[in-house]
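Asker: What follows is entry.txt, made up of compact mmCIF, C-alpha atoms:
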```
# COMPACT_ATOMS: atom_id res chain seq x y z
CA MET C 1 0.00 0.00 0.00
CA ALA C 2 1.32 3.43 -0.94
CA ALA C 3 2.01 5.78 1.98
CA GLU C 4 0.53 9.25 2.43
CA ILE C 5 3.19 11.81 3.30
CA PHE C 6 3.25 15.33 4.69
CA ASN C 7 3.11 18.25 2.26
CA PRO C 8 3.51 21.78 3.68
CA ARG C 9 1.02 23.04 1.09
CA GLY C 10 -1.67 20.96 2.68
CA GLU C 11 -1.91 18.40 -0.14
CA ASN C 12 -1.67 14.67 0.44
CA LYS C 13 1.17 13.30 -1.66
CA THR C 14 1.80 9.61 -2.09
CA ASP C 15 5.21 8.03 -2.36
CA GLN C 16 4.78 4.87 -4.48
CA GLU C 17 7.81 3.35 -2.78
CA GLY C 18 6.17 3.79 0.60
CA GLY C 19 8.84 6.20 1.85
CA ALA C 20 8.75 9.90 2.72
CA GLU C 21 9.47 12.48 0.05
CA PRO C 22 11.76 15.26 1.22
CA LEU C 23 9.98 18.47 2.20
CA ASP C 24 12.26 20.24 -0.29
CA SER C 25 10.09 18.80 -3.05
CA PHE C 26 7.13 20.96 -2.09
CA ASP C 27 8.46 24.21 -0.64
CA PRO C 28 11.55 26.20 -1.70
CA ALA C 29 11.94 27.47 1.86
CA PHE C 30 12.85 23.94 2.95
CA ALA C 31 15.32 23.61 0.10
CA LEU C 32 17.01 26.84 1.13
CA HIS C 33 17.21 25.80 4.79
CA ARG C 34 18.60 22.30 4.21
CA GLY C 35 21.88 22.04 6.15
CA GLY C 36 21.31 25.42 7.78
CA LYS C 37 21.92 28.95 6.49
CA MET C 38 25.38 29.68 7.89
CA ALA C 39 28.81 28.20 8.62
CA VAL C 40 32.12 29.10 10.27
CA GLN C 41 34.83 30.27 7.90
CA ALA C 42 38.51 30.83 8.66
CA THR C 43 39.95 34.32 8.11
CA VAL C 44 43.57 33.17 8.08
CA PRO C 45 45.34 30.68 5.79
CA LEU C 46 46.23 27.13 6.83
CA ARG C 47 48.46 26.09 3.92
CA ASP C 48 51.35 24.39 5.66
CA LYS C 49 52.96 23.60 8.99
CA ASP C 50 54.18 27.19 9.42
CA ASP C 51 50.64 28.53 9.15
CA LEU C 52 49.46 25.84 11.54
CA SER C 53 52.12 26.70 14.10
CA LEU C 54 51.02 30.34 14.09
CA ALA C 55 47.26 29.77 14.08
CA TYR C 56 47.44 27.04 16.69
CA THR C 57 50.22 25.66 18.84
CA PRO C 58 52.84 26.90 19.64
CA GLY C 59 52.09 30.43 18.36
CA VAL C 60 48.66 30.67 19.94
CA ALA C 61 50.18 30.21 23.40
CA ARG C 62 52.01 33.54 23.15
CA VAL C 63 48.74 35.31 22.36
CA CYS C 64 46.93 33.54 25.22
CA THR C 65 49.68 34.52 27.66
CA ALA C 66 49.53 38.15 26.58
CA ILE C 67 45.75 38.25 27.05
CA ALA C 68 46.06 36.63 30.48
CA GLU C 69 48.47 39.41 31.48
CA GLN C 70 46.48 42.21 29.78
CA PRO C 71 42.81 41.12 29.45
CA GLU C 72 41.89 44.11 27.27
CA LEU C 73 44.03 42.61 24.49
CA VAL C 74 41.24 40.08 23.87
CA HIS C 75 39.56 42.74 21.75
CA ASP C 76 42.59 43.04 19.47
CA TYR C 77 43.64 39.43 19.11
CA THR C 78 40.33 37.50 19.02
CA TRP C 79 36.99 37.95 17.28
CA LYS C 80 35.32 39.12 20.52
CA SER C 81 34.83 42.72 19.38
CA SER C 82 33.14 41.71 16.16
CA VAL C 83 30.79 38.95 17.25
CA VAL C 84 27.33 38.96 18.84
CA ALA C 85 25.43 36.18 20.59
CA VAL C 86 21.86 35.89 19.31
CA VAL C 87 20.11 34.39 22.33
CA THR C 88 16.57 33.02 22.56
CA ASP C 89 14.54 30.60 24.64
CA GLY C 90 12.03 30.08 21.83
CA THR C 91 9.04 31.45 23.73
CA ALA C 92 7.91 34.24 21.37
CA VAL C 93 9.14 33.34 17.90
CA LEU C 94 7.82 35.60 15.13
CA GLY C 95 4.07 35.09 15.07
CA LEU C 96 4.43 31.45 16.07
CA GLY C 97 4.60 31.88 19.83
CA ASP C 98 6.23 29.41 22.21
CA ILE C 99 7.64 26.80 19.82
CA GLY C 100 10.77 25.89 21.77
CA PRO C 101 14.50 26.30 21.22
CA GLU C 102 15.03 23.80 18.40
CA ALA C 103 12.19 25.20 16.30
CA SER C 104 13.52 28.72 16.86
CA LEU C 105 16.91 27.94 15.30
CA PRO C 106 15.95 28.78 11.68
CA VAL C 107 14.95 32.26 12.87
CA MET C 108 18.13 32.71 14.90
CA GLU C 109 20.25 31.61 11.94
CA GLY C 110 18.33 34.11 9.83
CA LYS C 111 19.07 36.84 12.34
CA ALA C 112 22.74 35.94 12.28
CA ILE C 113 23.03 36.21 8.51
CA LEU C 114 21.20 39.56 8.61
CA PHE C 115 23.83 40.80 11.07
CA LYS C 116 26.55 39.77 8.63
CA GLN C 117 24.89 40.90 5.42
CA PHE C 118 23.69 44.30 6.59
CA GLY C 119 26.20 45.24 9.30
CA GLY C 120 29.32 43.18 8.70
CA VAL C 121 28.88 41.73 12.19
CA ASP C 122 29.45 38.04 12.94
CA ALA C 123 26.72 36.46 15.06
CA VAL C 124 26.22 33.06 16.68
CA PRO C 125 22.71 31.62 17.26
CA ILE C 126 22.25 30.32 20.81
CA ALA C 127 18.93 28.64 21.60
CA LEU C 128 18.59 27.86 25.30
CA ALA C 129 16.72 24.86 26.72
CA CYS C 130 15.40 26.84 29.68
CA THR C 131 12.82 29.57 30.26
CA ASP C 132 13.47 30.47 33.88
CA VAL C 133 14.70 34.06 34.21
CA ASP C 134 17.47 33.20 36.68
CA GLU C 135 18.72 30.32 34.54
CA ILE C 136 18.75 32.39 31.36
CA VAL C 137 20.62 35.25 33.02
CA GLU C 138 23.17 32.90 34.60
CA THR C 139 23.73 31.04 31.34
CA VAL C 140 24.27 34.18 29.26
CA VAL C 141 26.59 35.70 31.87
CA ARG C 142 28.72 32.54 31.74
CA LEU C 143 28.83 32.65 27.93
CA ALA C 144 29.57 36.38 27.73
CA PRO C 145 33.42 36.24 27.67
CA SER C 146 33.21 34.91 24.10
CA PHE C 147 31.16 37.82 22.74
CA GLY C 148 31.26 41.57 22.21
CA GLY C 149 27.50 41.93 22.56
CA VAL C 150 24.26 40.05 23.26
CA ASN C 151 21.16 40.33 21.09
CA LEU C 152 18.14 38.91 22.91
CA GLU C 153 15.59 37.56 20.49
CA ASP C 154 12.03 36.22 20.67
CA ILE C 155 11.81 36.00 24.47
CA SER C 156 8.28 36.52 25.73
CA ALA C 157 7.16 39.49 27.81
CA PRO C 158 7.25 40.37 30.63
CA ARG C 159 10.29 38.15 31.31
CA CYS C 160 12.25 39.83 28.51
CA PHE C 161 12.31 43.14 30.41
CA GLU C 162 13.88 41.65 33.54
CA ILE C 163 16.30 39.47 31.58
CA GLU C 164 17.63 42.43 29.62
CA ARG C 165 17.88 44.65 32.69
CA ARG C 166 19.72 42.07 34.79
CA LEU C 167 22.11 41.12 32.00
CA GLN C 168 23.05 44.73 31.34
CA GLU C 169 23.64 45.26 35.06
CA GLN C 170 25.98 42.26 35.23
CA LEU C 171 27.81 42.58 31.90
CA ASP C 172 30.08 45.28 30.48
CA ILE C 173 29.07 44.60 26.88
CA PRO C 174 25.95 45.78 25.03
CA VAL C 175 22.75 43.84 25.69
CA PHE C 176 19.94 44.63 23.27
CA HIS C 177 16.48 43.08 23.02
CA ASP C 178 15.71 43.67 19.35
CA ASP C 179 12.00 42.94 19.62
CA GLN C 180 11.83 45.97 21.89
CA HIS C 181 14.45 48.45 20.81
CA GLY C 182 14.96 47.62 17.15
CA THR C 183 11.25 48.04 16.53
CA ALA C 184 11.22 51.28 18.50
CA VAL C 185 14.17 52.78 16.60
CA VAL C 186 12.68 52.12 13.16
CA THR C 187 9.23 53.30 14.27
CA LEU C 188 10.66 56.57 15.57
CA ALA C 189 12.62 57.13 12.35
CA ALA C 190 9.50 56.64 10.21
CA LEU C 191 7.42 58.82 12.51
CA ARG C 192 9.96 61.65 12.38
CA ASN C 193 9.80 61.63 8.60
CA ALA C 194 6.00 61.38 8.54
CA ALA C 195 5.84 64.42 10.81
CA ARG C 196 8.33 66.30 8.62
CA LEU C 197 6.29 65.48 5.53
CA SER C 198 3.21 67.04 7.14
CA GLY C 199 5.03 70.10 8.41
CA ARG C 200 4.84 69.00 12.04
CA THR C 201 7.25 67.79 14.70
CA ILE C 202 7.09 64.84 17.05
CA GLY C 203 5.99 67.22 19.79
CA ASP C 204 2.83 68.07 17.85
CA LEU C 205 1.57 64.49 17.84
CA ARG C 206 -0.66 62.36 20.05
CA ALA C 207 -0.08 58.66 19.46
CA VAL C 208 -1.97 55.53 20.44
CA ILE C 209 -0.12 52.21 20.61
CA SER C 210 -2.00 48.93 20.37
CA GLY C 211 -0.05 46.34 22.34
CA ALA C 212 1.64 46.59 25.71
CA GLY C 213 4.19 43.83 25.16
CA ALA C 214 7.90 44.16 24.49
CA ALA C 215 7.59 46.29 21.36
CA GLY C 216 4.75 48.48 22.61
CA VAL C 217 6.48 49.36 25.86
CA ALA C 218 9.79 50.12 24.13
CA ILE C 219 8.13 52.27 21.47
CA ALA C 220 6.28 54.25 24.13
CA LYS C 221 9.49 54.87 26.07
CA MET C 222 11.38 55.94 22.96
CA LEU C 223 8.62 58.28 21.79
CA ILE C 224 8.57 59.93 25.22
CA GLU C 225 12.36 60.24 25.11
CA ALA C 226 12.07 61.82 21.65
CA GLY C 227 9.59 64.40 22.93
CA ILE C 228 6.23 63.26 21.56
CA GLY C 229 3.25 65.34 22.61
CA ASP C 230 1.45 62.41 24.24
CA VAL C 231 1.21 58.66 23.87
CA ALA C 232 -1.30 56.17 25.25
CA VAL C 233 -0.83 52.40 25.20
CA ALA C 234 -3.69 49.91 25.06
CA ASP C 235 -3.71 46.22 25.89
CA ARG C 236 -6.52 43.69 25.56
CA LYS C 237 -8.44 45.34 28.40
CA GLY C 238 -8.14 48.90 27.15
CA VAL C 239 -5.92 51.92 27.71
CA VAL C 240 -3.16 51.48 30.29
CA SER C 241 -3.90 54.11 32.94
CA ARG C 242 -3.32 54.74 36.63
CA GLU C 243 -6.98 54.07 37.36
CA ARG C 244 -6.69 50.39 36.46
CA ASP C 245 -6.06 47.93 39.27
CA ASP C 246 -5.12 44.96 37.08
CA LEU C 247 -1.75 46.15 35.77
CA THR C 248 1.47 44.17 35.89
CA ALA C 249 4.54 45.90 37.30
CA VAL C 250 5.71 46.78 33.79
CA LYS C 251 2.34 48.25 32.82
CA ALA C 252 2.04 50.13 36.12
CA GLU C 253 5.38 51.77 35.37
CA LEU C 254 4.14 52.52 31.85
CA ALA C 255 1.06 54.24 33.25
CA GLU C 256 3.29 56.65 35.19
CA PHE C 257 4.86 58.28 32.13
CA THR C 258 2.27 57.83 29.36
CA ASN C 259 -1.28 59.00 28.76
CA LYS C 260 -0.95 62.58 29.99
CA ALA C 261 -4.46 63.21 28.67
CA GLY C 262 -5.85 60.72 31.20
CA ILE C 263 -7.73 58.68 28.58
CA SER C 264 -9.50 55.55 29.81
CA GLY C 265 -11.58 52.91 28.12
CA SER C 266 -11.06 51.14 24.85
CA LEU C 267 -8.42 51.46 22.14
CA GLU C 268 -11.12 52.71 19.79
CA ALA C 269 -12.06 55.49 22.21
CA ALA C 270 -8.42 56.55 22.50
CA LEU C 271 -8.08 56.74 18.70
CA GLU C 272 -10.71 59.45 18.40
CA GLY C 273 -8.82 62.58 17.36
CA ALA C 274 -5.42 60.86 17.62
CA ASP C 275 -2.66 61.77 15.18
CA VAL C 276 -0.87 58.42 15.15
CA PHE C 277 -1.84 54.75 15.43
CA ILE C 278 0.96 52.26 16.05
CA GLY C 279 -0.03 48.61 16.01
CA VAL C 280 2.18 45.92 17.52
CA SER C 281 -0.56 43.68 18.85
CA GLY C 282 -1.88 41.49 16.07
CA GLY C 283 -5.46 42.54 16.81
CA THR C 284 -7.92 44.20 14.45
CA VAL C 285 -8.95 47.86 14.50
CA SER C 286 -12.28 48.80 12.98
CA GLU C 287 -12.56 51.16 10.03
CA GLU C 288 -14.82 53.37 12.12
CA ALA C 289 -12.06 53.84 14.69
CA VAL C 290 -9.54 54.77 12.00
CA ALA C 291 -12.02 57.21 10.49
CA SER C 292 -12.32 58.94 13.88
CA MET C 293 -8.62 59.88 13.95
CA ALA C 294 -7.43 63.41 13.27
CA GLU C 295 -7.15 64.70 9.74
CA GLY C 296 -3.76 63.86 8.21
CA ALA C 297 -3.20 61.02 10.65
CA PHE C 298 -0.51 58.33 10.39
CA VAL C 299 -1.31 54.62 10.60
CA PHE C 300 1.57 52.25 11.38
CA ALA C 301 -0.12 48.84 11.43
CA MET C 302 2.85 46.54 11.96
CA ALA C 303 1.43 43.12 12.83
CA ASN C 304 2.50 40.29 10.52
CA PRO C 305 1.18 38.76 8.38
CA ASN C 306 -2.12 40.57 8.96
CA PRO C 307 -1.83 44.29 9.82
CA GLU C 308 -4.23 45.63 12.47
CA VAL C 309 -5.60 47.93 9.74
CA HIS C 310 -5.36 46.80 6.13
CA PRO C 311 -3.48 49.41 4.07
CA ASP C 312 -6.42 49.75 1.66
CA VAL C 313 -8.59 50.84 4.58
CA ALA C 314 -5.90 52.98 6.21
CA HIS C 315 -5.26 54.92 2.99
CA LYS C 316 -8.86 56.16 3.00
CA TYR C 317 -8.16 58.23 6.10
CA ALA C 318 -4.41 58.45 6.76
CA ALA C 319 -1.76 60.66 5.16
CA VAL C 320 1.00 58.09 5.78
CA VAL C 321 0.58 54.32 6.10
CA ALA C 322 3.28 51.88 7.20
CA THR C 323 3.23 48.15 7.88
CA GLY C 324 5.60 45.37 8.87
CA ARG C 325 5.25 43.72 5.46
CA SER C 326 7.64 43.91 2.54
CA ASP C 327 4.88 43.94 -0.09
CA PHE C 328 3.62 47.39 0.96
CA PRO C 329 5.51 50.72 1.04
CA ASN C 330 7.06 51.94 4.28
CA GLN C 331 8.03 48.62 5.84
CA ILE C 332 8.96 48.96 9.52
CA ASN C 333 11.74 46.37 9.49
CA ASN C 334 14.15 45.85 12.37
CA VAL C 335 16.94 44.97 9.97
CA LEU C 336 17.20 48.71 9.32
CA ALA C 337 18.41 49.17 12.89
CA PHE C 338 20.08 46.30 14.71
CA PRO C 339 23.02 45.57 12.36
CA GLY C 340 24.19 49.19 12.37
CA ILE C 341 23.50 49.67 16.07
CA PHE C 342 25.68 46.71 16.99
CA ALA C 343 28.32 47.60 14.40
CA GLY C 344 28.62 51.08 15.90
CA ALA C 345 28.67 49.81 19.47
CA LEU C 346 31.28 47.16 18.70
CA GLN C 347 33.41 49.63 16.72
CA VAL C 348 33.99 51.72 19.86
CA ARG C 349 33.81 48.76 22.29
CA ALA C 350 30.79 50.29 24.02
CA SER C 351 29.87 48.92 27.43
CA ARG C 352 26.15 49.34 26.76
CA ILE C 353 23.62 50.71 24.28
CA THR C 354 22.10 53.86 25.72
CA GLU C 355 18.87 55.68 24.93
CA GLY C 356 20.98 58.36 23.28
CA MET C 357 22.57 55.80 20.98
CA LYS C 358 19.14 54.50 19.98
CA ILE C 359 17.82 58.01 19.33
CA ALA C 360 20.93 58.71 17.24
CA ALA C 361 20.25 55.54 15.23
CA ALA C 362 16.67 56.65 14.56
CA GLU C 363 17.78 60.12 13.49
CA ALA C 364 20.43 58.72 11.15
CA LEU C 365 17.96 56.27 9.65
CA ALA C 366 15.41 59.03 9.06
CA ALA C 367 18.06 61.24 7.47
CA VAL C 368 18.84 58.63 4.80
CA VAL C 369 15.47 59.42 3.17
CA GLY C 370 16.51 63.05 2.75
CA ASP C 371 14.83 65.07 0.00
CA ASP C 372 13.17 61.98 -1.46
CA LEU C 373 10.62 62.08 1.36
CA ALA C 374 7.10 61.14 0.22
CA ALA C 375 3.98 59.56 1.68
CA ASP C 376 5.09 56.17 0.36
CA TYR C 377 8.73 56.71 1.34
CA VAL C 378 9.19 57.74 4.97
CA ILE C 379 11.66 54.95 5.70
CA PRO C 380 14.44 53.55 3.49
CA SER C 381 14.68 50.03 2.15
CA PRO C 382 16.78 47.48 4.04
CA PHE C 383 18.74 47.09 0.79
CA ASP C 384 19.69 50.77 0.67
CA GLU C 385 23.46 50.58 1.08
CA ARG C 386 23.53 53.93 2.89
CA VAL C 387 21.60 52.65 5.89
CA ALA C 388 24.09 50.56 7.86
CA PRO C 389 27.05 52.98 7.50
CA ALA C 390 24.87 55.92 8.55
CA VAL C 391 23.49 54.12 11.61
CA THR C 392 26.92 52.72 12.54
CA ALA C 393 28.58 56.14 12.45
CA ALA C 394 25.79 57.80 14.42
CA VAL C 395 25.77 55.13 17.13
CA ALA C 396 29.56 55.19 17.50
CA ALA C 397 29.56 58.99 17.82
CA ALA C 398 26.73 58.88 20.38
CA ALA C 399 28.57 56.24 22.42
CA ARG C 400 31.61 58.49 22.61
CA ALA C 401 29.48 61.50 23.52
CA GLU C 402 27.75 59.57 26.30
CA GLY C 403 30.94 58.17 27.76
CA VAL C 404 30.30 54.47 27.17
CA ALA C 405 32.93 54.03 24.43
CA ARG C 406 36.24 52.38 25.28
CA ALA C 407 38.02 52.74 21.93
```
Would you mind writing the file's structure down as structure tokens?
Answerer:
Amino acid sequence: MAAEIFNPRGENKTDQEGGAEPLDSFDPAFALHRGGKMAVQATVPLRDKDDLSLAYTPGVARVCTAIAEQPELVHDYTWKSSVVAVVTDGTAVLGLGDIGPEASLPVMEGKAILFKQFGGVDAVPIALACTDVDEIVETVVRLAPSFGGVNLEDISAPRCFEIERRLQEQLDIPVFHDDQHGTAVVTLAALRNAARLSGRTIGDLRAVISGAGAAGVAIAKMLIEAGIGDVAVADRKGVVSRERDDLTAVKAELAEFTNKAGISGSLEAALEGADVFIGVSGGTVSEEAVASMAEGAFVFAMANPNPEVHPDVAHKYAAVVATGRSDFPNQINNVLAFPGIFAGALQVRASRITEGMKIAAAEALAAVVGDDLAADYVIPSPFDERVAPAVTAAVAAAARAEGVARA
């Protein structure tokens, strides 16, 4: 009897031999991923015994001894200052949720090759078989001597906030949760340009954020730091405000510095008269709510694959529309930020990534658009070769200005 086999397209395929056809047969994504997407490559020759004696024993012993005597030499004579650990526990992977460390590896490999392609930064995927905050922190601290920075990836909220905070307190290398800060940097850059296009500034705007997870909290903090007029954040139960008695510690802190207008109730109520909608929740916002926003509003509906407001609907009412998708204009894509941010931080051996460095990254990213600014072009393409060098230079300069650079 012929066997039925799995087909990612949802079709039942039969192997007449009774065996399983490779998944590569049905989906080019599987073909591309076979064997993984990255490998280690030597940067020095190993042609003969002389090369071997320099790259390994006995020559390597002299370098080890020198580093033992002067630990700062590790930055000059190893890859430490050019490599980042991409760390996950697999609990919040893309839109897939808690799929575990093994299933997260294709994403972490993808992140690593984006680091290399767009920032010239080497990165190593590290998927941890633990979800306890203490265990994650302890593990990363023990791994840290091998790396110049740590990029936390796809770790669920609210644990991600504490993990990042504790790691940065214990380590003297940059720790960056991209789901939070990368999203916030690119959002701020696009918003600055949208405001410029309409003859306004950030300070003229009232924004409403849908989603009080990692990205929503970070965006709110960055917009406040950048001087936005006001910003309110809504979760599943409505606007985060001091009047609510069901807030987590993170949301209670959020309520202290957002929502100056004292708005309460639903997301839809908050959108009435608002200048900006920023969606990082994956929910759906009604057309009526979008229509109630201020004239010339901006809609950044960034959920993937289904934006909170479909662009066709948003364009009826908004002056600028952005999404997280590559098939619409104005894609809010983290790859515009994290490669250059880490490249700049590593270039000056920064001990941390500060708010000032992130603001500088957003300003540099916005500036790339320049005089080409238009409603369908408030943020550059990830393939614009000007992006990474501009962000790298701005972050390095900000690190020096803020006193966290060591080179």
Asker: What's the 6 Å shell around Arg406 in chain C, counting only C-alpha atoms, without same-chain residues fewer than 3 positions away, as number ranges by chain?
Answerer: C: 348-350
Asker: Here is a test: counting all atoms listed in the file, which residue of C:Val387, C:Val137, C:Ala319, C:Ile99 is nearest to Leu197 in chain C?
Answerer: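 Of C:Val387, C:Val137, C:Ala319, C:Ile99, the one nearest Leu197 in chain C, counting all atoms listed in the file, is C:Ala319.
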Asker: With a distance cut-off of 10 Å and all atoms listed in the file, select the neighbouring residues of Val395 in chain C, excluding the residue or stretch itself and same-chain residues fewer than 2 positions from it, and output the selection as an MDAnalysis selection string.
Answerer: chainID C and resid 340:348 350 353:354 356:362 364 389:393 397:401
Asker: Within 9 Å of Thr284 in chain C, counting all atoms listed in the file, which residues show up once you throw out same-chain ones fewer than 4 positions away? Write them as a PyMOL selection string, please.
Answerer: chain C and resi 306-309
Asker: Which is closer to Ala366 in chain C than all the others in C:Arg192, C:Lys260, C:Arg236, C:Lys221, using all atoms listed in the file?
Answerer: C:Arg192
Asker: Need the shell around Ala249 in chain C: protein/DNA/RNA residues with any atom at most 12 Å away, counting only C-alpha atoms. Skip same-chain ones fewer than 3 positions apart. Format as a list in words?
Answerer: Ala157, Pro158, Arg159, Phe161, Glu162, Ala212, Val240, Arg242, Asp245, Asp246, Ala252, Glu253, Leu254, Ala255 and Glu256 of chain C
Asker: In Å, with one decimal, what is the gap from CA of Ala29 in chain C to CA of Asn334 in chain C?
Answerer: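 For CA of Ala29 in chain C relative to CA of Asn334 in chain C, the distance reads 21.3 Å.
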Asker: Could you give me, as a list of chain:residue names, the residues within 7 Å of Phe277 in chain C, counting all atoms listed in the file and dropping anything in the same chain fewer than 3 positions from it?
Answerer: C:Ala207, C:Val208, C:Ile209, C:Phe298, C:Val299, C:Phe300
Asker: Would you put the residues from that selection into a file with C-alpha atoms, as a short mmCIF file (atom, residue, chain, number, x, y, z; two decimals), in the frame of the given file?
Answerer:
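Written output follows (again_34.cif):
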```cif
data_model
loop_
_atom_site.label_atom_id
_atom_site.label_comp_id
_atom_site.auth_asym_id
_atom_site.auth_seq_id
_atom_site.Cartn_x
_atom_site.Cartn_y
_atom_site.Cartn_z
CA ALA C 207 -0.08 58.66 19.46
CA VAL C 208 -1.97 55.53 20.44
CA ILE C 209 -0.12 52.21 20.61
CA PHE C 298 -0.51 58.33 10.39
CA VAL C 299 -1.31 54.62 10.60
CA PHE C 300 1.57 52.25 11.38
#
```
Asker: Report, in Å to a single decimal, how far apart CA of Pro382 in chain C and CA of Ala85 in chain C are.
Answerer: 21.8 Å
Asker: Quick one: of C:Pro101, C:Gly95, C:Pro339, C:Pro305, who's nearest to Asn151 in chain C, counting only C-alpha atoms?
Answerer: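 Smallest separation from Asn151 in chain C among the options: C:Pro339.
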Asker: Using all atoms listed in the file, can you tell me which of C:Val217, C:Val335, C:Ala92, C:Met222 comes closest to Val280 in chain C?
Answerer: C:Val217
Asker: In Å, how far is it from CA of Gly273 in chain C to CA of Asp204 in chain C?
Answerer: 12.9 Å
Asker: Between C:Glu153, C:Asp275, C:Glu243, C:Glu21, which residue has the minimum interatomic distance to Gly296 in chain C, considering all atoms listed in the file?
Answerer: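 Under the stated criterion, the closest residue is C:Asp275.
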Asker: List as a VMD selection string the residues having at least one atom at most 12 Å from position (12.5, 25.7, 27.6) as given in the file, counting only C-alpha atoms.
Answerer: chain C and resid 88 to 92 98 to 104 127 to 133 135 to 136 155 to 156
Asker: Around the point (31.0, 34.0, 24.8) (coordinates from the file), which residues reach within 12 Å if we count all atoms listed in the file? Answer as a PDB file with C-alpha atoms, keeping the file's coordinate frame.
Answerer:
```
ATOM      1  CA  VAL C  74      41.240  40.080  23.870  1.00  0.00           C
ATOM      2  CA  THR C  78      40.330  37.500  19.020  1.00  0.00           C
ATOM      3  CA  TRP C  79      36.990  37.950  17.280  1.00  0.00           C
ATOM      4  CA  LYS C  80      35.320  39.120  20.520  1.00  0.00           C
ATOM      5  CA  SER C  81      34.830  42.720  19.380  1.00  0.00           C
ATOM      6  CA  SER C  82      33.140  41.710  16.160  1.00  0.00           C
ATOM      7  CA  VAL C  83      30.790  38.950  17.250  1.00  0.00           C
ATOM      8  CA  VAL C  84      27.330  38.960  18.840  1.00  0.00           C
ATOM      9  CA  ALA C  85      25.430  36.180  20.590  1.00  0.00           C
ATOM     10  CA  VAL C  86      21.860  35.890  19.310  1.00  0.00           C
ATOM     11  CA  VAL C  87      20.110  34.390  22.330  1.00  0.00           C
ATOM     12  CA  ALA C 123      26.720  36.460  15.060  1.00  0.00           C
ATOM     13  CA  VAL C 124      26.220  33.060  16.680  1.00  0.00           C
ATOM     14  CA  PRO C 125      22.710  31.620  17.260  1.00  0.00           C
ATOM     15  CA  ILE C 126      22.250  30.320  20.810  1.00  0.00           C
ATOM     16  CA  THR C 139      23.730  31.040  31.340  1.00  0.00           C
ATOM     17  CA  VAL C 140      24.270  34.180  29.260  1.00  0.00           C
ATOM     18  CA  VAL C 141      26.590  35.700  31.870  1.00  0.00           C
ATOM     19  CA  ARG C 142      28.720  32.540  31.740  1.00  0.00           C
ATOM     20  CA  LEU C 143      28.830  32.650  27.930  1.00  0.00           C
ATOM     21  CA  ALA C 144      29.570  36.380  27.730  1.00  0.00           C
ATOM     22  CA  PRO C 145      33.420  36.240  27.670  1.00  0.00           C
ATOM     23  CA  SER C 146      33.210  34.910  24.100  1.00  0.00           C
ATOM     24  CA  PHE C 147      31.160  37.820  22.740  1.00  0.00           C
ATOM     25  CA  GLY C 148      31.260  41.570  22.210  1.00  0.00           C
ATOM     26  CA  GLY C 149      27.500  41.930  22.560  1.00  0.00           C
ATOM     27  CA  VAL C 150      24.260  40.050  23.260  1.00  0.00           C
ATOM     28  CA  LEU C 171      27.810  42.580  31.900  1.00  0.00           C
ATOM     29  CA  ILE C 173      29.070  44.600  26.880  1.00  0.00           C
TER      30      ILE C 173
END
```
